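Some notes on the structure that comes next.
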Amino acid sequence: TMSAVAPRALSALTRAPHTAHHASRRTHVRARTVSPTLQGLGQLRDVSRRATDGDDGNEEKPRFVPAHERKTLSKILPDQLLEGGVLLKDAPEEWRTSFTGFLSFEFMSVRVADMPGLRVLNIDPPVFTVDNFLSAMECDTLVASAEACGGLAMSAIGGANNENIRTSRTVALNSHGLESHATKKAILKRAEYLLPAVEGLSAKDDAFRAPKAGEKKWSFELPQVAHYSGGEFFKAHEDGFPIAVAADKGYQRRATILVYLNDVEQGGATRFEHLGVEVQPKKGKALVFFPSSAACMPDARTLHTATPAVDGHEKWVSQLWVASSTPPVPTPEELEEENKVKAAKAEYAKLPRAQRREMEKAEKKAAKKKNASNGGRK
């Protein structure tokens, strides 16, 4: 059953003094009444859609558009972004509750208690940072161990080296004496606290085993450490797998946690190409976003780039991906039934609005009569 939580939450988040107005032949965005407690916290960018029938010119209720289908953005205000984002602990309770509810419904639940440094950089798609996710000592020891282990090699993409896209060096934290590194354990422990869905996962024997479709399993991909020398980069890419690839693998990346292990004074930022958001590396800070929705569908709006560090500077970062099983692969019979339902819905949508209303009234009347004949039992 489709819940109305997400549309309401997103509506609350995007109320702002300067609501954008956009209109097209099929889409309209309405101005909204601003709650005094929410003024200055977020601006609307084409979030609500109102489709018209074309038969009588009247508008219907807003249609909920799932994250992977949305071409829209909901951003914090420019001044807030310049100040480093919205510090969630200082945001009004209504805004904070709406944001966490929105995350739970469409992406993953996030535990915000005891996370005083959590700063929202973008509302939809959600992007936030957590200051002091790791201590300076934890960062320094991991960098020193990765540098000394002898395992750093050219970063691979999809199992193959591609120097035209990525020029960094990477080592997985399951070899070269890094298997039980204290900072690796700290990253996993804090990721489990931040994301309740994976709480206790690292203690399980199969924590790093890739899930299978329909298994309803969460897993970690092996954490990595990447090193970018001056001038090295990772061009624009998505962390989420394309639909066909995810279906073949049986799992999808649901969350990305990047932890910066050193300060980078010039260059080296993580830039979200569609959001106007850049995150400058700061030792111990974690950057968190969701490459796919709760439906395991990739969110193309999270396209991002690791910009080159300026010559004479370097960047160290740890990468952790949280993955979950994709839905069960439907049988041919299930696909046929699903297609019939979709076709019926499409035909129903073509009917004149007045006719649909009469049909809905008749259905409600029949249901009421049936309920009465059963003595009020549903």
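Going by the structure tokens order, chains are called A, B, ..., each with residues numbered from 1, while ligands are numbered from 1 in the order shown.
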Give one line per residue of stretch 145-206 of chain A that approaches stretch 229-234 of chain A to at most 7 Å, naming the two atoms of the closest pair and their distance in Å to one decimal, counting only C-alpha atoms; sort by chain then ascending residue number and deliver it as a Markdown table.
| residue | atom | partner | partner_atom | distance |
| --- | --- | --- | --- | --- |
| A:Ile165 | CA | A:Phe234 | CA | 5.8 |
| A:Arg166 | CA | A:Phe234 | CA | 4.2 |
| A:Thr167 | CA | A:Glu232 | CA | 5.3 |
| A:Ser168 | CA | A:Glu232 | CA | 6.0 |
So that I have them on file, write out the residues from the current selection with N, CA and C atoms, as a short mmCIF file (atom, residue, chain, number, x, y, z; two decimals), in the first residue's frame.
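Written file, part.cif:
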data_model
loop_
_atom_site.label_atom_id
_atom_site.label_comp_id
_atom_site.auth_asym_id
_atom_site.auth_seq_id
_atom_site.Cartn_x
_atom_site.Cartn_y
_atom_site.Cartn_z
N ILE A 165 38.81 7.20 -16.89
CA ILE A 165 37.75 7.64 -15.99
C ILE A 165 38.28 7.91 -14.59
N ARG A 166 39.16 7.06 -14.13
CA ARG A 166 39.65 7.17 -12.75
C ARG A 166 41.15 6.95 -12.70
N THR A 167 41.86 7.80 -11.97
CA THR A 167 43.32 7.71 -11.96
C THR A 167 43.88 7.52 -10.56
N SER A 168 43.03 7.24 -9.59
CA SER A 168 43.51 7.05 -8.21
C SER A 168 44.05 5.64 -8.02
#
For this session: For A:Phe289, please output as a list of chain:residue names all residues within 7 Å (counting only C-alpha atoms; exclusion window: fewer than 3 positions along the same chain).
Result: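 That gives A:Pro126, A:Val127, A:Phe128, A:Ala255, A:Thr256.
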Could you write out the selected residues, including N, CA, C and O atoms, as a PDB file, in the first residue's frame?
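The file below, part-v4.pdb, is the result:
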ATOM      1  N   PRO A 126      18.688  13.243  -1.072  1.00  0.00           N
ATOM      2  CA  PRO A 126      19.324  13.594   0.193  1.00  0.00           C
ATOM      3  C   PRO A 126      20.847  13.466   0.117  1.00  0.00           C
ATOM      4  O   PRO A 126      21.373  12.436  -0.330  1.00  0.00           O
ATOM      5  N   VAL A 127      21.516  14.512   0.561  1.00  0.00           N
ATOM      6  CA  VAL A 127      22.972  14.503   0.691  1.00  0.00           C
ATOM      7  C   VAL A 127      23.289  15.188   2.012  1.00  0.00           C
ATOM      8  O   VAL A 127      22.789  16.284   2.279  1.00  0.00           O
ATOM      9  N   PHE A 128      24.080  14.535   2.847  1.00  0.00           N
ATOM     10  CA  PHE A 128      24.463  15.182   4.100  1.00  0.00           C
ATOM     11  C   PHE A 128      25.869  14.770   4.512  1.00  0.00           C
ATOM     12  O   PHE A 128      26.426  13.787   3.997  1.00  0.00           O
ATOM     13  N   ALA A 255      23.431   2.857  -0.089  1.00  0.00           N
ATOM     14  CA  ALA A 255      24.024   4.025   0.576  1.00  0.00           C
ATOM     15  C   ALA A 255      25.509   4.077   0.303  1.00  0.00           C
ATOM     16  O   ALA A 255      26.170   3.039   0.211  1.00  0.00           O
ATOM     17  N   THR A 256      26.013   5.287   0.163  1.00  0.00           N
ATOM     18  CA  THR A 256      27.445   5.534   0.029  1.00  0.00           C
ATOM     19  C   THR A 256      27.902   6.341   1.237  1.00  0.00           C
ATOM     20  O   THR A 256      27.291   7.354   1.581  1.00  0.00           O
TER      21      THR A 256
END
For this session: Pull the strand (DSSP E) assignments for stretch 232-357 of chain A out of DSSP run on the backbone, and list those residues as a ChimeraX atom specification.
Result: /A:234-237,251-260,270-272,277-279,286-289,304-306,315-325
Could you dump the residues just selected with C-alpha atoms as an mmCIF file, in the first residue's frame?
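New file again-v4.cif:
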data_model
loop_
_atom_site.group_PDB
_atom_site.id
_atom_site.type_symbol
_atom_site.label_atom_id
_atom_site.label_comp_id
_atom_site.auth_asym_id
_atom_site.auth_seq_id
_atom_site.Cartn_x
_atom_site.Cartn_y
_atom_site.Cartn_z
ATOM 1 C CA PHE A 234 37.412 10.186 -10.788
ATOM 2 C CA LYS A 235 35.219 11.555 -13.550
ATOM 3 C CA ALA A 236 31.426 11.917 -13.282
ATOM 4 C CA HIS A 237 29.830 8.619 -12.298
ATOM 5 C CA TYR A 251 21.687 -6.533 -5.290
ATOM 6 C CA GLN A 252 21.875 -2.753 -5.455
ATOM 7 C CA ARG A 253 23.995 -0.150 -3.678
ATOM 8 C CA ARG A 254 21.675 1.676 -1.296
ATOM 9 C CA ALA A 255 24.024 4.025 0.576
ATOM 10 C CA THR A 256 27.445 5.534 0.029
ATOM 11 C CA ILE A 257 29.596 6.632 2.964
ATOM 12 C CA LEU A 258 32.778 8.480 1.998
ATOM 13 C CA VAL A 259 35.084 9.381 4.868
ATOM 14 C CA TYR A 260 37.775 11.963 4.177
ATOM 15 C CA THR A 270 33.345 15.759 -4.327
ATOM 16 C CA ARG A 271 31.033 17.565 -6.737
ATOM 17 C CA PHE A 272 27.413 16.578 -7.405
ATOM 18 C CA VAL A 277 26.900 20.926 -4.258
ATOM 19 C CA GLU A 278 30.630 20.526 -3.660
ATOM 20 C CA VAL A 279 32.120 18.978 -0.539
ATOM 21 C CA ALA A 286 31.789 11.628 6.303
ATOM 22 C CA LEU A 287 29.747 12.351 3.185
ATOM 23 C CA VAL A 288 26.547 10.291 2.928
ATOM 24 C CA PHE A 289 24.108 9.926 0.053
ATOM 25 C CA HIS A 304 29.144 12.997 -8.845
ATOM 26 C CA THR A 305 32.794 13.663 -9.586
ATOM 27 C CA ALA A 306 35.988 13.444 -7.563
ATOM 28 C CA LYS A 315 43.602 13.229 -1.013
ATOM 29 C CA TRP A 316 42.967 10.144 1.088
ATOM 30 C CA VAL A 317 39.423 8.814 1.389
ATOM 31 C CA SER A 318 37.733 5.649 2.660
ATOM 32 C CA GLN A 319 34.734 4.316 0.731
ATOM 33 C CA LEU A 320 31.977 2.111 2.100
ATOM 34 C CA TRP A 321 28.897 0.986 0.182
ATOM 35 C CA VAL A 322 25.836 -0.524 1.822
ATOM 36 C CA ALA A 323 23.938 -2.917 -0.444
ATOM 37 C CA SER A 324 20.652 -4.802 -0.274
ATOM 38 C CA SER A 325 18.949 -7.570 -2.238
#
Exercise. Where does DSSP see helix (DSSP H, G or I) in stretch 94-178 of chain A, if you list the residues as an NGL selection string?
Worked result: :A and (94-106 or 136-148)
What would the file look like if the residues just selected were written as a PDB file, in the first residue's frame with C-alpha atoms?
ATOM      1  CA  GLU A  94       8.896  19.867  12.175  1.00  0.00           C
ATOM      2  CA  TRP A  95      11.624  20.195   9.545  1.00  0.00           C
ATOM      3  CA  ARG A  96      13.844  17.628  11.255  1.00  0.00           C
ATOM      4  CA  THR A  97      10.993  15.147  11.600  1.00  0.00           C
ATOM      5  CA  SER A  98       9.946  15.636   7.988  1.00  0.00           C
ATOM      6  CA  PHE A  99      13.483  15.083   6.716  1.00  0.00           C
ATOM      7  CA  THR A 100      14.058  11.879   8.671  1.00  0.00           C
ATOM      8  CA  GLY A 101      10.596  10.584   7.726  1.00  0.00           C
ATOM      9  CA  PHE A 102      11.308  11.290   4.068  1.00  0.00           C
ATOM     10  CA  LEU A 103      14.607   9.400   4.308  1.00  0.00           C
ATOM     11  CA  SER A 104      12.931   6.384   5.927  1.00  0.00           C
ATOM     12  CA  PHE A 105      10.168   6.178   3.333  1.00  0.00           C
ATOM     13  CA  GLU A 106      12.140   6.622   0.134  1.00  0.00           C
ATOM     14  CA  ALA A 136      42.042  12.540  13.627  1.00  0.00           C
ATOM     15  CA  MET A 137      44.029   9.637  15.068  1.00  0.00           C
ATOM     16  CA  GLU A 138      41.781   7.057  13.392  1.00  0.00           C
ATOM     17  CA  CYS A 139      42.269   8.819  10.056  1.00  0.00           C
ATOM     18  CA  ASP A 140      46.042   9.155  10.444  1.00  0.00           C
ATOM     19  CA  THR A 141      46.593   5.524  11.412  1.00  0.00           C
ATOM     20  CA  LEU A 142      44.537   4.241   8.473  1.00  0.00           C
ATOM     21  CA  VAL A 143      46.413   6.460   6.004  1.00  0.00           C
ATOM     22  CA  ALA A 144      49.771   5.353   7.406  1.00  0.00           C
ATOM     23  CA  SER A 145      48.779   1.674   7.243  1.00  0.00           C
ATOM     24  CA  ALA A 146      47.391   1.936   3.695  1.00  0.00           C
ATOM     25  CA  GLU A 147      50.503   3.752   2.498  1.00  0.00           C
ATOM     26  CA  ALA A 148      52.847   1.228   4.068  1.00  0.00           C
TER      27      ALA A 148
END
What are the nearest atom pairs, with distances in Å to one decimal, for all residues of stretch 219-301 of chain A that come at most 10 Å from stretch 69-87 of chain A, using only C-alpha atoms, set out by chain and rising residue number as a Markdown table?
| residue | atom | partner | partner_atom | distance |
| --- | --- | --- | --- | --- |
| A:His274 | CA | A:Leu73 | CA | 8.6 |
| A:Leu275 | CA | A:Leu73 | CA | 7.5 |
| A:Gly276 | CA | A:Lys75 | CA | 9.3 |
| A:Val277 | CA | A:Leu81 | CA | 7.9 |
| A:Glu278 | CA | A:Leu81 | CA | 9.5 |
| A:Val279 | CA | A:Gly84 | CA | 8.9 |
| A:Met297 | CA | A:Glu69 | CA | 9.1 |
| A:Pro298 | CA | A:Glu69 | CA | 9.4 |
| A:Asp299 | CA | A:Glu69 | CA | 8.0 |
| A:Ala300 | CA | A:Lys71 | CA | 8.9 |
| A:Arg301 | CA | A:Lys71 | CA | 7.7 |
For this session: Please identify all polymer residues within 12 Å of stretch 330-346 of chain A, counting only C-alpha atoms, omitting same-chain residues fewer than 2 positions from it, and present them as an MDAnalysis selection string.
Result: chainID A and resid 213:214 247 326:328 348:351 356
Keeping only N, CA and C atoms, write the selected residues to a file as a compact mmCIF listing (two decimals), in the first residue's frame.
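Listing of part10.txt after writing:
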# COMPACT_ATOMS: atom_id res chain seq x y z
N ALA A 213 19.02 -11.90 -5.21
CA ALA A 213 17.70 -11.31 -5.46
C ALA A 213 16.64 -12.00 -4.61
N GLY A 214 15.79 -11.20 -3.95
CA GLY A 214 14.70 -11.74 -3.16
C GLY A 214 15.10 -12.26 -1.80
N ALA A 247 19.87 -6.19 -11.55
CA ALA A 247 19.06 -7.40 -11.69
C ALA A 247 19.96 -8.62 -11.86
N THR A 326 17.96 -7.10 -4.36
CA THR A 326 16.92 -6.59 -5.23
C THR A 326 15.65 -7.43 -5.03
N PRO A 327 14.49 -6.93 -5.44
CA PRO A 327 13.26 -7.72 -5.29
C PRO A 327 13.36 -9.05 -6.02
N PRO A 328 12.53 -10.03 -5.65
CA PRO A 328 12.55 -11.33 -6.33
C PRO A 328 12.29 -11.18 -7.83
N TYR A 348 -8.08 2.91 -17.78
CA TYR A 348 -8.90 3.63 -16.82
C TYR A 348 -8.54 5.12 -16.81
N ALA A 349 -7.24 5.41 -16.90
CA ALA A 349 -6.78 6.80 -16.87
C ALA A 349 -7.26 7.59 -18.08
N LYS A 350 -7.56 6.88 -19.17
CA LYS A 350 -8.00 7.56 -20.39
C LYS A 350 -9.47 7.98 -20.33
N LEU A 351 -10.22 7.38 -19.40
CA LEU A 351 -11.65 7.69 -19.31
C LEU A 351 -11.87 9.12 -18.85
N ARG A 356 -14.97 8.35 -14.42
CA ARG A 356 -14.18 7.70 -13.37
C ARG A 356 -14.79 7.91 -11.99
Problem set entry | Between atom CA of A:Leu303 and atom CA of A:Gln224 - distance in Å to one decimal |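 About the pair atom CA of A:Gln224 and atom CA of A:Leu303: they are 20.1 Å apart.
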